[in-house]
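Report on the structure given below.
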Amino acid sequence: MWSREFLKTHAKGVLRKHYWMVFLACFIFTIISGVGGSISSVFSNAASLVTSGYSVYEGQFLITLGVTMLVVAFITILIGYALKIFVLNLIEVGLCRYLMETRLEKVDLGTLFWAFREGRYMKVVKTMFFYDLHIFLWSLLFIIPGIVKYYQYRYVPYILAENPDIDTRRVLDLSRTMTHGEKGSIFVLDLSFLGWGILGCIACCGIGIYFLVPYMEATYAELYAFVRERSLDQNIADSNELKGFEGPPSYPHPYSPGPPQN
């Protein structure tokens with residue numbers, strides 16, 4: 001069984017060597033995600049302008065206003081989901097692969113766009129779409145089931161980052177199995193960053209949070225590294241499914257953890 005201290009110790013070992021490269025990768029992902037949100041917000045602003053116009057010409061354009069608002073809302077939602085499905089999800093998978101390869105001494109920012117290349121695109125798009133869909137549908141049954149599914153499918157982007165050729169159903173099943181009995185522990189791991197997160201939001205008008213993200217993401221990468229090795233050990237998955245990442249392993253065996261190798 002892993003511990004938070006174990007994961008964070010190894011994450012710090014990686015960041016001592018590659019902090020600014022990991023920071024840059026996380027920052028690029030954040031900026032691209034923010035640009036996507038900004039594009040969608042343009043249509044929301046258009047809706048606000050229409051509403052303002054209605055306040056001036058109240059009663060004259062009621063039907064036109066209603067139709068326009070529906071169209072604008074639909075376009076806003078459509079563009080937001082399209083960006084997430086066809087762009088942001090793939091960069092998220094690329095970030096997961098980058099983090100895994102960085103801990104194995106390969107530092108290449110181009111890995112962020114790994115999922116866009118060499119026939120991987122539609123495979124990643126498909127699986128990440130169903131990943132989002134499962135979480136969304138379970139969230140409709142109140143918030144708690146959606147949170148449970150989020151943690152149940154926590155490793156989906158990492159599995160795809162390792163092998164995008166795995167069947168979608170198998171990726172979801174594999175993540176479910178790998179998180180069995182540990183969803184609460186992963187939730188507590190997330191909570192362990194809460195204090196630092198609050199401090200980061202306060203520091204430098206919120207800019208401090210950007211410096212925390214690399215630490216969090218490096219810790220999550222260590223978590224996946226540990227769990228994937230254990231899954232291979234217990235025959236939950238095999239090496240044809242979890243093909244590994246480029247570079248030597250950063251520690252020899254998940255059940256005999258030592259300090260991060262230099």
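Every chain in the structure tokens takes a letter, A first, then B, and so on in the order presented; its residues are numbered from 1, and the ligands are numbered from 1 following the presented order.
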
Report as a ChimeraX atom specification all protein, DNA and RNA residues lying within 7 Å of stretch 117-128 of chain A, evaluated on only C-alpha atoms, omitting residues in the same chain fewer than 3 positions from it. /A:85-86,89-90,114,131-132,160,164-165,168

Which neighbours of A:Ala25 fall inside 8 Å, counting only C-alpha atoms, when residues of the same chain fewer than 3 positions from it are skipped, and could you give them as number ranges by chain? A: 21-22, 28-29, 95, 109, 112

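Note that the spacing between atom CA of A:Val71 and atom CA of A:Leu83 amounts to 18.2 Å.
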
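Considering only C-alpha atoms, the residue among A:Lys106, A:Arg170, A:Arg176, A:Lys149 positioned nearest to A:His134 is A:Lys149.
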
How far is it from atom CA of A:Leu137 to atom CA of A:Thr76, in Å with one decimal? 20.1 Å

Contacts of A:Gly146 at 6 Å (only C-alpha atoms; same-chain gap of 6+ positions) as a list in words: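 Near A:Gly146, the qualifying residues are Ile135, Trp138 and Ser139 of chain A.
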
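Atom CA of A:Glu246 sits 26.9 Å away from atom CA of A:Leu189.
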
Could you check the closest approach to A:Phe245 for each of A:Leu194, A:Val188, A:Ala225, A:Leu232 and tell me which residue wins, using only C-alpha atoms? A:Ala225
